[in-house]
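K.L.:
Structure file input_30.txt, compact mmCIF, C-alpha atoms, is pasted below:
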# COMPACT_ATOMS: atom_id res chain seq x y z
CA MET A 1301 -43.27 32.05 -3.45
CA ASP A 1302 -41.59 35.37 -2.81
CA ASP A 1303 -39.65 33.82 0.07
CA VAL A 1304 -38.31 31.06 -2.15
CA ILE A 1305 -37.09 33.57 -4.69
CA ASP A 1306 -35.46 35.66 -1.94
CA VAL A 1307 -33.63 32.62 -0.55
CA ASN A 1308 -32.39 31.73 -4.00
CA ILE A 1309 -31.17 35.24 -4.64
CA GLY A 1310 -29.37 35.18 -1.28
CA MET A 1311 -27.62 31.93 -2.19
CA GLU A 1312 -26.73 33.32 -5.60
CA MET A 1313 -25.17 36.36 -3.94
CA VAL A 1314 -23.15 34.15 -1.56
CA ASN A 1315 -21.94 32.06 -4.49
CA ILE A 1316 -21.00 35.13 -6.52
CA VAL A 1317 -19.15 36.76 -3.63
CA LEU A 1318 -17.22 33.59 -2.75
CA LEU A 1319 -16.32 32.77 -6.36
CA GLY A 1320 -15.34 36.41 -6.91
CA MET A 1321 -13.02 36.19 -3.90
CA LEU A 1322 -11.52 33.01 -5.35
CA PHE A 1323 -10.91 34.82 -8.63
CA ILE A 1324 -9.26 37.80 -6.93
CA VAL A 1325 -7.06 35.57 -4.77
CA GLY A 1326 -6.08 33.56 -7.85
CA ILE A 1327 -5.04 36.71 -9.71
CA ALA A 1328 -3.14 37.93 -6.65
CA ILE A 1329 -1.26 34.62 -6.40
CA ALA A 1330 -0.33 34.77 -10.08
CA ARG A 1331 1.01 38.32 -9.80
CA MET A 1332 2.86 37.95 -6.51
CA ARG A 1333 6.61 37.32 -6.22
CA SER A 1334 7.01 36.80 -2.46
CA LEU A 1335 6.77 33.06 -1.80
CA PHE A 1336 5.60 33.56 1.77
CA GLY A 1337 2.70 35.68 0.55
CA ILE A 1338 1.87 33.10 -2.13
CA VAL A 1339 1.78 30.27 0.41
CA MET A 1340 -0.48 32.26 2.71
CA LEU A 1341 -2.76 33.28 -0.16
CA SER A 1342 -3.06 29.68 -1.37
CA GLY A 1343 -4.15 28.78 2.16
CA ILE A 1344 -6.77 31.52 1.96
CA TYR A 1345 -7.81 30.22 -1.46
CA SER A 1346 -8.45 26.77 0.05
CA LEU A 1347 -10.34 28.28 2.96
CA VAL A 1348 -12.61 30.34 0.69
CA SER A 1349 -13.28 27.35 -1.54
CA ALA A 1350 -14.09 25.32 1.59
CA ALA A 1351 -16.62 27.99 2.52
CA TRP A 1352 -18.06 27.73 -0.97
CA TYR A 1353 -18.37 23.92 -0.64
CA VAL A 1354 -20.37 24.50 2.53
CA ALA A 1355 -22.60 26.91 0.60
CA VAL A 1356 -23.37 24.18 -1.97
CA ASP A 1357 -24.01 21.59 0.82
CA ALA A 1358 -20.88 19.48 0.33
CA VAL A 1359 -19.84 19.56 3.98
CA ASP A 1360 -17.50 16.58 3.94
CA VAL A 1361 -15.65 17.91 0.91
CA ALA A 1362 -15.43 21.32 2.59
CA PHE A 1363 -13.97 19.71 5.68
CA THR A 1364 -11.36 17.86 3.67
CA GLU A 1365 -10.48 21.00 1.72
CA ALA A 1366 -10.09 23.01 4.92
CA ALA A 1367 -7.95 20.34 6.59
CA VAL A 1368 -5.81 19.32 3.62
CA GLY A 1369 -5.76 22.48 1.50
CA ALA A 1370 -5.67 25.18 4.14
CA GLY A 1371 -3.94 23.23 6.90
CA MET A 1372 -1.66 20.54 5.55
CA SER A 1373 -0.47 22.02 2.26
CA THR A 1374 0.17 25.42 3.83
CA ALA A 1375 2.27 23.83 6.56
CA VAL A 1376 4.17 21.61 4.11
CA LEU A 1377 4.73 24.49 1.67
CA LEU A 1378 6.04 26.63 4.55
CA GLY A 1379 8.45 23.81 5.34
CA ALA A 1380 9.45 23.47 1.68
CA MET A 1381 9.90 27.25 1.41
CA LEU A 1382 12.73 27.06 3.94
CA LEU A 1383 14.72 24.97 1.44
CA THR A 1384 14.57 27.55 -1.34
CA SER A 1385 14.84 31.30 -1.83
CA ARG A 1386 12.27 33.76 -0.58
CA THR A 1387 11.07 35.23 -3.86
CA ALA A 1388 10.19 33.83 -7.25
CA LYS A 1389 12.27 34.87 -10.25
CA PRO A 1390 10.82 37.78 -12.24
CA GLU A 1391 9.56 36.53 -15.60
CA LYS A 1392 9.86 38.05 -19.05
CA PRO A 1393 6.43 39.31 -20.11
CA LEU A 1394 6.48 37.83 -23.63
CA LYS A 1395 7.25 34.35 -22.32
CA ASN A 1396 3.80 34.24 -20.69
CA LEU A 1397 1.96 34.70 -23.98
CA GLY A 1398 1.82 31.00 -24.93
CA PRO A 1399 0.58 29.73 -21.54
CA PHE A 1400 -1.89 32.62 -21.45
CA LEU A 1401 -3.40 31.57 -24.80
CA VAL A 1402 -3.58 27.94 -23.62
CA CYS A 1403 -5.42 29.09 -20.48
CA ILE A 1404 -7.89 31.18 -22.51
CA VAL A 1405 -8.65 28.31 -24.90
CA THR A 1406 -9.03 25.79 -22.06
CA GLY A 1407 -11.30 28.20 -20.22
CA ILE A 1408 -13.51 28.68 -23.27
CA LEU A 1409 -13.73 24.89 -23.74
CA LEU A 1410 -14.66 24.38 -20.09
CA ILE A 1411 -17.36 27.05 -20.25
CA TYR A 1412 -18.65 25.41 -23.44
CA ALA A 1413 -18.76 22.07 -21.58
CA THR A 1414 -20.82 23.51 -18.70
CA VAL A 1415 -23.76 23.92 -21.09
CA ASP A 1416 -24.26 20.14 -21.00
CA LEU A 1417 -24.02 19.83 -17.21
CA PRO A 1418 -27.24 19.12 -15.30
CA GLY A 1419 -28.61 21.97 -13.17
CA PHE A 1420 -27.50 22.34 -9.57
CA GLY A 1421 -29.56 20.02 -7.36
CA ASP A 1422 -31.40 18.54 -10.35
CA PRO A 1423 -33.13 15.37 -9.03
CA ASN A 1424 -32.93 13.73 -12.46
CA SER A 1425 -29.19 14.24 -12.88
CA PRO A 1426 -27.18 10.99 -13.10
CA ALA A 1427 -25.49 11.62 -9.76
CA ASN A 1428 -28.79 12.01 -7.91
CA SER A 1429 -30.98 9.46 -9.65
CA GLY A 1430 -28.67 6.45 -9.87
CA VAL A 1431 -26.63 4.83 -7.17
CA GLY A 1432 -26.69 7.96 -4.99
CA LEU A 1433 -30.42 7.64 -4.46
CA THR A 1434 -30.05 3.93 -3.68
CA TYR A 1435 -27.46 4.66 -1.00
CA LEU A 1436 -29.79 7.16 0.63
CA GLN A 1437 -32.64 4.64 0.61
CA ILE A 1438 -30.85 1.52 1.87
CA ASN A 1439 -28.17 3.05 4.11
CA TRP A 1440 -30.19 3.25 7.31
CA HIS A 1441 -31.40 -0.33 7.11
CA ASP A 1442 -27.97 -1.65 6.14
CA THR A 1443 -25.71 0.16 8.57
CA GLY A 1444 -27.67 2.35 10.98
CA ILE A 1445 -25.14 5.18 10.58
CA PRO A 1446 -26.70 8.64 10.17
CA ASN A 1447 -23.98 10.26 8.05
CA VAL A 1448 -24.40 8.60 4.65
CA VAL A 1449 -20.94 9.65 3.51
CA THR A 1450 -19.20 7.47 6.08
CA PRO A 1451 -20.89 4.15 5.13
CA VAL A 1452 -20.49 4.96 1.44
CA LEU A 1453 -16.75 5.39 1.73
CA GLY A 1454 -16.20 2.87 4.50
CA SER A 1455 -18.68 0.12 3.79
CA TYR A 1456 -20.11 0.25 0.27
CA ARG A 1457 -16.85 1.51 -1.19
CA GLY A 1458 -14.51 -0.07 1.35
CA PHE A 1459 -12.15 -1.29 -1.36
CA ASP A 1460 -11.76 2.21 -2.78
CA THR A 1461 -10.89 3.62 0.61
CA LEU A 1462 -8.40 0.83 1.23
CA GLY A 1463 -6.82 1.76 -2.08
CA GLU A 1464 -6.72 5.45 -1.12
CA THR A 1465 -5.11 4.72 2.22
CA THR A 1466 -2.53 2.58 0.45
CA VAL A 1467 -1.89 5.41 -2.02
CA VAL A 1468 -1.23 7.83 0.85
CA PHE A 1469 1.05 5.28 2.49
CA VAL A 1470 2.94 4.66 -0.75
CA ALA A 1471 3.29 8.43 -1.25
CA GLY A 1472 4.91 8.75 2.17
CA LEU A 1473 7.10 5.74 1.45
CA ALA A 1474 8.15 7.10 -1.95
CA VAL A 1475 9.11 10.51 -0.55
CA ALA A 1476 11.08 8.88 2.25
CA LEU A 1477 12.89 6.60 -0.22
CA LEU A 1478 13.58 9.38 -2.74
CA LEU A 1479 14.97 11.76 -0.17
CA GLY A 1480 17.00 8.91 1.29
CA PHE A 1481 15.33 9.12 4.69
CA GLY A 1482 16.65 12.66 4.80
CA GLU A 1483 15.68 13.07 8.40
CA ARG A 1484 17.86 10.19 9.48
CA SER A 1485 21.07 12.20 9.93
CA LEU A 1486 19.18 14.81 11.92
CA ALA A 1487 17.49 12.14 14.00
CA GLU A 1488 20.88 10.50 14.66
CA THR A 1489 22.41 13.74 15.91
CA ILE A 1490 19.42 14.28 18.18
CA ARG A 1491 19.79 10.80 19.60
CA LYS A 1492 23.52 11.32 20.25
CA GLU A 1493 22.83 14.63 21.96
CA ASP A 1494 20.23 13.03 24.15
CA LYS A 1495 22.61 10.25 25.15
CA ALA A 1496 25.51 12.58 25.93
CA PRO A 1497 25.37 13.96 29.49
CA PRO A 1498 23.75 17.39 29.25
CA PRO A 1499 26.02 20.21 30.37
CA LEU A 1500 23.13 22.20 31.80
CA PRO A 1501 19.61 21.35 32.91
CA LYS A 1502 18.10 21.09 29.50
CA ASP A 1503 15.17 23.04 28.22
CA ASP A 1504 14.36 22.19 24.61
CA ALA A 1505 13.61 25.70 23.49
CA ILE A 1506 16.78 27.16 25.01
CA SER A 1507 19.06 24.41 23.67
CA ASN A 1508 17.60 24.83 20.19
CA GLU A 1509 18.36 28.49 20.24
CA LYS A 1510 21.96 27.79 21.22
CA GLU A 1511 22.35 25.37 18.33
CA GLY A 1512 20.92 27.94 15.98
CA LYS A 1513 23.42 30.52 17.16
CA GLU A 1514 26.52 28.41 16.65
CA MET B 836 17.20 34.54 18.16
CA LYS B 837 18.91 35.39 21.45
CA SER B 838 16.09 37.29 23.04
CA ASP B 839 12.90 35.33 22.97
CA HIS B 840 10.78 37.64 20.87
CA HIS B 841 8.70 34.74 19.57
CA VAL B 842 7.29 34.36 23.04
CA ILE B 843 3.72 35.09 21.94
CA LEU B 844 3.95 32.52 19.16
CA ARG B 845 5.30 29.90 21.55
CA VAL B 846 2.71 30.52 24.23
CA VAL B 847 -0.19 30.60 21.78
CA THR B 848 1.05 27.42 20.08
CA LYS B 849 1.37 25.61 23.38
CA THR B 850 -2.27 26.39 24.16
CA LEU B 851 -3.46 25.56 20.65
CA ILE B 852 -1.80 22.18 20.10
CA PRO B 853 -3.81 20.23 22.72
CA ILE B 854 -7.00 21.77 21.36
CA ILE B 855 -6.05 20.74 17.83
CA PHE B 856 -5.42 17.16 18.98
CA LEU B 857 -8.71 17.11 20.85
CA TYR B 858 -10.50 18.40 17.78
CA ALA B 859 -8.86 15.70 15.67
CA LEU B 860 -10.20 13.05 18.05
CA TYR B 861 -13.64 14.63 17.85
CA VAL B 862 -13.52 14.55 14.05
CA GLN B 863 -12.31 10.95 14.15
CA PHE B 864 -14.97 9.53 16.43
CA HIS B 865 -17.78 11.79 15.30
CA GLY B 866 -17.36 10.80 11.66
CA ASP B 867 -20.33 8.42 11.92
CA SER B 868 -22.83 11.14 12.65
CA GLY B 869 -21.28 14.32 11.26
CA PRO B 870 -18.83 15.45 8.62
CA GLY B 871 -15.34 14.15 9.10
CA GLY B 872 -13.54 10.87 9.45
CA GLY B 873 -10.14 9.28 9.36
CA PHE B 874 -8.65 11.30 6.50
CA GLN B 875 -9.49 14.65 8.00
CA ALA B 876 -8.53 13.63 11.53
CA GLY B 877 -5.24 12.20 10.31
CA VAL B 878 -4.37 15.43 8.54
CA ILE B 879 -5.32 17.49 11.60
CA VAL B 880 -3.06 15.36 13.83
CA ALA B 881 -0.23 15.79 11.35
CA VAL B 882 -0.80 19.55 11.21
CA ALA B 883 -0.63 19.80 15.01
CA VAL B 884 2.79 18.14 15.01
CA ILE B 885 3.97 20.23 12.04
CA LEU B 886 2.87 23.39 13.85
CA TYR B 887 4.99 22.30 16.81
CA ALA B 888 7.90 21.67 14.47
CA LEU B 889 7.56 25.08 12.81
CA ILE B 890 7.49 26.97 16.09
CA PHE B 891 9.85 24.95 18.30
CA GLY B 892 12.12 23.57 15.59
CA VAL B 893 12.23 20.22 13.83
CA PRO B 894 14.67 18.60 16.32
CA ALA B 895 12.24 19.21 19.18
CA ALA B 896 9.41 17.68 17.17
CA MET B 897 11.58 14.68 16.30
CA ARG B 898 12.34 14.17 19.97
CA ALA B 899 8.64 14.19 20.76
CA ILE B 900 7.55 12.04 17.79
CA PRO B 901 10.50 10.17 16.22
CA PRO B 902 10.53 9.60 12.43
CA VAL B 903 10.74 5.84 12.98
CA PHE B 904 7.44 6.05 14.83
CA THR B 905 5.68 7.95 12.04
CA ARG B 906 6.89 5.44 9.43
CA SER B 907 5.70 2.52 11.53
CA LEU B 908 2.41 4.28 12.25
CA ALA B 909 1.65 4.60 8.53
CA ALA B 910 2.38 0.92 7.95
CA VAL B 911 0.34 -0.14 10.99
CA GLY B 912 -2.61 1.91 9.73
CA VAL B 913 -2.69 0.21 6.34
CA LEU B 914 -2.24 -3.19 8.01
CA LEU B 915 -5.13 -2.46 10.39
CA TYR B 916 -7.40 -1.57 7.49
CA ALA B 917 -6.40 -4.64 5.50
CA GLY B 918 -6.63 -6.76 8.66
CA VAL B 919 -10.31 -5.94 9.10
CA GLY B 920 -10.83 -7.42 5.65
CA PHE B 921 -9.05 -10.62 6.63
CA TRP B 922 -11.03 -10.77 9.87
CA ALA B 923 -14.20 -10.76 7.78
CA LEU B 924 -12.70 -13.50 5.59
CA LEU B 925 -11.93 -15.63 8.64
CA GLN B 926 -15.51 -15.22 9.85
CA GLY B 927 -16.73 -16.72 6.60
CA GLY B 928 -17.70 -13.51 4.83
CA GLN B 929 -16.17 -11.68 1.91
CA TYR B 930 -13.24 -9.29 2.10
CA LEU B 931 -14.24 -6.15 4.08
CA GLU B 932 -17.80 -7.43 4.55
CA TYR B 933 -18.50 -5.96 7.98
CA GLN B 934 -21.82 -7.77 8.23
CA ALA B 935 -19.82 -10.99 8.61
CA LEU B 936 -17.61 -9.78 11.46
CA PHE B 937 -20.04 -11.00 14.10
CA GLN B 938 -22.01 -13.19 11.69
CA GLU B 939 -25.12 -11.05 11.87
CA GLU B 940 -28.26 -11.19 9.81
CA PRO B 941 -28.89 -8.29 7.40
CA GLY B 942 -30.19 -5.39 9.49
CA GLY B 943 -27.77 -6.06 12.33
CA HIS B 944 -25.56 -3.00 12.79
CA HIS B 945 -22.91 -4.06 15.31
CA GLY B 946 -20.46 -5.36 12.73
CA GLN B 947 -20.91 -2.30 10.54
CA HIS B 948 -20.16 0.05 13.45
CA VAL B 949 -17.11 -1.89 14.64
CA GLY B 950 -15.78 -2.37 11.14
CA ILE B 951 -16.11 1.27 10.19
CA ILE B 952 -14.54 2.49 13.44
CA LEU B 953 -11.59 0.12 12.91
CA ILE B 954 -11.00 1.08 9.29
CA GLU B 955 -11.31 4.77 10.19
CA LEU B 956 -8.63 4.21 12.83
CA GLY B 957 -6.52 2.55 10.15
CA VAL B 958 -7.02 5.57 7.90
CA LEU B 959 -6.13 7.93 10.79
CA PHE B 960 -2.86 6.10 11.48
CA GLY B 961 -2.02 5.71 7.81
CA VAL B 962 -2.67 9.31 6.85
CA SER B 963 -1.07 10.98 9.87
CA GLY B 964 1.96 8.70 9.70
CA ALA B 965 2.47 9.20 5.98
CA MET B 966 1.98 12.99 6.18
CA LEU B 967 4.48 13.31 9.03
CA THR B 968 6.96 11.08 7.19
CA ILE B 969 6.72 13.37 4.17
CA PHE B 970 7.12 16.45 6.35
CA TYR B 971 10.13 15.04 8.19
CA ALA B 972 11.73 14.00 4.92
CA PHE B 973 11.55 17.59 3.68
CA ALA B 974 12.11 19.42 6.93
CA GLY B 975 14.97 17.16 8.02
CA ARG B 976 17.08 18.81 5.33
CA VAL B 977 17.22 22.18 7.13
CA ALA B 978 18.64 22.18 10.60
CA GLU B 979 17.04 25.29 11.99
CA ILE B 980 14.56 27.93 10.97
CA ARG B 981 16.49 31.14 10.57
CA ASP B 982 15.32 34.27 12.28
CA GLU B 983 14.74 36.33 9.13
CA ASP B 984 12.30 33.67 7.88
CA TRP B 985 9.65 34.93 10.22
Translate the structure of the given file into structure tokens.
P.N.:
Amino acid sequence: MDDVIDVNIGMEMVNIVLLGMLFIVGIAIARMRSLFGIVMLSGIYSLVSAAWYVAVDAVDVAFTEAAVGAGMSTAVLLGAMLLTSRTAKPEKPLKNLGPFLVCIVTGILLIYATVDLPGFGDPNSPANSGVGLTYLQINWHDTGIPNVVTPVLGSYRGFDTLGETTVVFVAGLAVALLLGFGERSLAETIRKEDKAPPPLPKDDAISNEKEGKE
Amino acid sequence: MKSDHHVILRVVTKTLIPIIFLYALYVQFHGDSGPGGGFQAGVIVAVAVILYALIFGVPAAMRAIPPVFTRSLAAVGVLLYAGVGFWALLQGGQYLEYQALFQEEPGGHHGQHVGIILIELGVLFGVSGAMLTIFYAFAGRVAEIRDEDW
């Protein structure tokens, strides 16, 4: 019995430390003006929350958070940062009062709502007792795939995943259409350069540096 | 930018990119038995290319992986996913019913395995293609990363 309590206290400590780090990083992001620092800190925020997802046994979610939040968004934000200035505008302090009040009220409402949530790992909670339990029981007979998450999203919920893939595709399409295939002009110049006889034996890195210097 | 003082970045990136790709393939094909799958692998592939673009410049990345290719890849991915559904239809099953792919009895797992691997490949192509298209659309608007940005 003592061991069980010790394990629980250990997990509680891990949760508290990770969530505390999330809080600190969130405050730091809100107070920072350097965009580069903000992008890096948001990557760290994703990484810490991924670690927290692992701590609460949601490994697939953690993986997605680490790949998309810490990897992809950081890289894309770094790319987007090149299009704008390096620092955010300083804000007037009084202007923040309204949003601050909205945040406080929303926070209080959310905390009030957590009272009704089922306990962590509660076997009688709707998520664990309904269709989730059924998946765990019938998955092995149906598909023979050990990771239950994969058949759930690929087989039982195949339509959902098709929809998600289409959403991602449409997002890419929409950005490309909105920005007018912005890369096309750049791609055209690259193609012309490649077709033109190179003046020197061409090394990509060196030629790029020359272009940058001109 | 004249003297190559990003040499450490370039060398480290060159070693890292193959490992990132290899890891993406591991995530892709290990999704059946561990965490991971097409979405994560697709994003990791895209990140490897974006890393290359950030370090060596967008033109170099566009030479290696042209924007036309990423656009087509995204479309091919979605078509592959949807095509598995039509394959099941042609075999007499319902849309995306993997059990029908090889007309197995319940309890047969071959169709499930093949179907899930194919749709995960579709997701990999769709996600990596779409992510790279988005990145190129943004990054194509700046010609070169300036030196003071580092």
K.L.:
Using only C-alpha atoms, determine which residues lie at most 12 Å from Gly1463 of chain A, disregarding the query and same-chain residues fewer than 3 positions distant; provide the list as a list in words.
P.N.:
Leu1453, Gly1454, Arg1457, Gly1458, Phe1459, Asp1460, Thr1466, Val1467, Val1468, Phe1469 and Val1470 of chain A; Val913, Tyr916, Ala917, Val958 and Gly961 of chain B
K.L.:
For Tyr887 of chain B, find every residue with an atom within 9 Å (counting only C-alpha atoms), except residues of its own chain fewer than 4 positions away, and show them as a PDB file with C-alpha atoms, in the frame of the given file.
P.N.:
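What landed in selection.pdb:
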ATOM      1  CA  ARG B 845       5.300  29.900  21.550  1.00  0.00           C
ATOM      2  CA  THR B 848       1.050  27.420  20.080  1.00  0.00           C
ATOM      3  CA  LYS B 849       1.370  25.610  23.380  1.00  0.00           C
ATOM      4  CA  ILE B 852      -1.800  22.180  20.100  1.00  0.00           C
ATOM      5  CA  VAL B 882      -0.800  19.550  11.210  1.00  0.00           C
ATOM      6  CA  ALA B 883      -0.630  19.800  15.010  1.00  0.00           C
ATOM      7  CA  PHE B 891       9.850  24.950  18.300  1.00  0.00           C
ATOM      8  CA  GLY B 892      12.120  23.570  15.590  1.00  0.00           C
ATOM      9  CA  VAL B 893      12.230  20.220  13.830  1.00  0.00           C
ATOM     10  CA  ALA B 895      12.240  19.210  19.180  1.00  0.00           C
ATOM     11  CA  ALA B 896       9.410  17.680  17.170  1.00  0.00           C
TER      12      ALA B 896
END
K.L.:
Each side padded by 6 Å, which centre and which edge lengths in Å (one decimal) define the axis-aligned box around the listed atoms of segment 1307-1318 of chain A? Give them as AutoDock Vina command-line options.
P.N.:
--center_x -25.4 --center_y 34.2 --center_z -3.5 --size_x 28.4 --size_y 17.0 --size_z 18.0
K.L.:
Which neighbours of Ile855 of chain B fall inside 8 Å, counting all atoms listed in the file, when residues of the same chain fewer than 3 positions from it are skipped, and could you give them as a short mmCIF file (atom, residue, chain, number, x, y, z; two decimals) with C-alpha atoms, keeping the file's coordinate frame?
P.N.:
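Written file, result-v9.cif:
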data_model
loop_
_atom_site.label_atom_id
_atom_site.label_comp_id
_atom_site.auth_asym_id
_atom_site.auth_seq_id
_atom_site.Cartn_x
_atom_site.Cartn_y
_atom_site.Cartn_z
CA LEU B 851 -3.46 25.56 20.65
CA ILE B 852 -1.80 22.18 20.10
CA TYR B 858 -10.50 18.40 17.78
CA ALA B 859 -8.86 15.70 15.67
CA ILE B 879 -5.32 17.49 11.60
CA VAL B 880 -3.06 15.36 13.83
CA ALA B 883 -0.63 19.80 15.01
#
K.L.:
Between B:Leu959, B:Leu889, B:Ile900, B:Leu953, which one has atoms that come closest to Gln863 of chain B, using only C-alpha atoms?
P.N.:
B:Leu959
K.L.:
At a cut-off of 12 Å, using only C-alpha atoms, what residues contact segment 1410-1421 of chain A? Leave out same-chain residues fewer than 5 positions from it and give the result as a CSV table (one decimal) with C-alpha atoms, in the frame of the given file.
P.N.:
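Here's the written file part-v3.csv:
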chain,number,residue,atom,x,y,z
A,1308,ASN,CA,-32.4,31.7,-4.0
A,1312,GLU,CA,-26.7,33.3,-5.6
A,1356,VAL,CA,-23.4,24.2,-2.0
A,1357,ASP,CA,-24.0,21.6,0.8
A,1358,ALA,CA,-20.9,19.5,0.3
A,1403,CYS,CA,-5.4,29.1,-20.5
A,1404,ILE,CA,-7.9,31.2,-22.5
A,1405,VAL,CA,-8.6,28.3,-24.9
A,1426,PRO,CA,-27.2,11.0,-13.1
A,1427,ALA,CA,-25.5,11.6,-9.8
A,1428,ASN,CA,-28.8,12.0,-7.9
A,1429,SER,CA,-31.0,9.5,-9.6
K.L.:
In Å, with one decimal, what is the gap from atom CA of Tyr933 of chain B to atom CA of Val911 of chain B?
P.N.:
19.9 Å
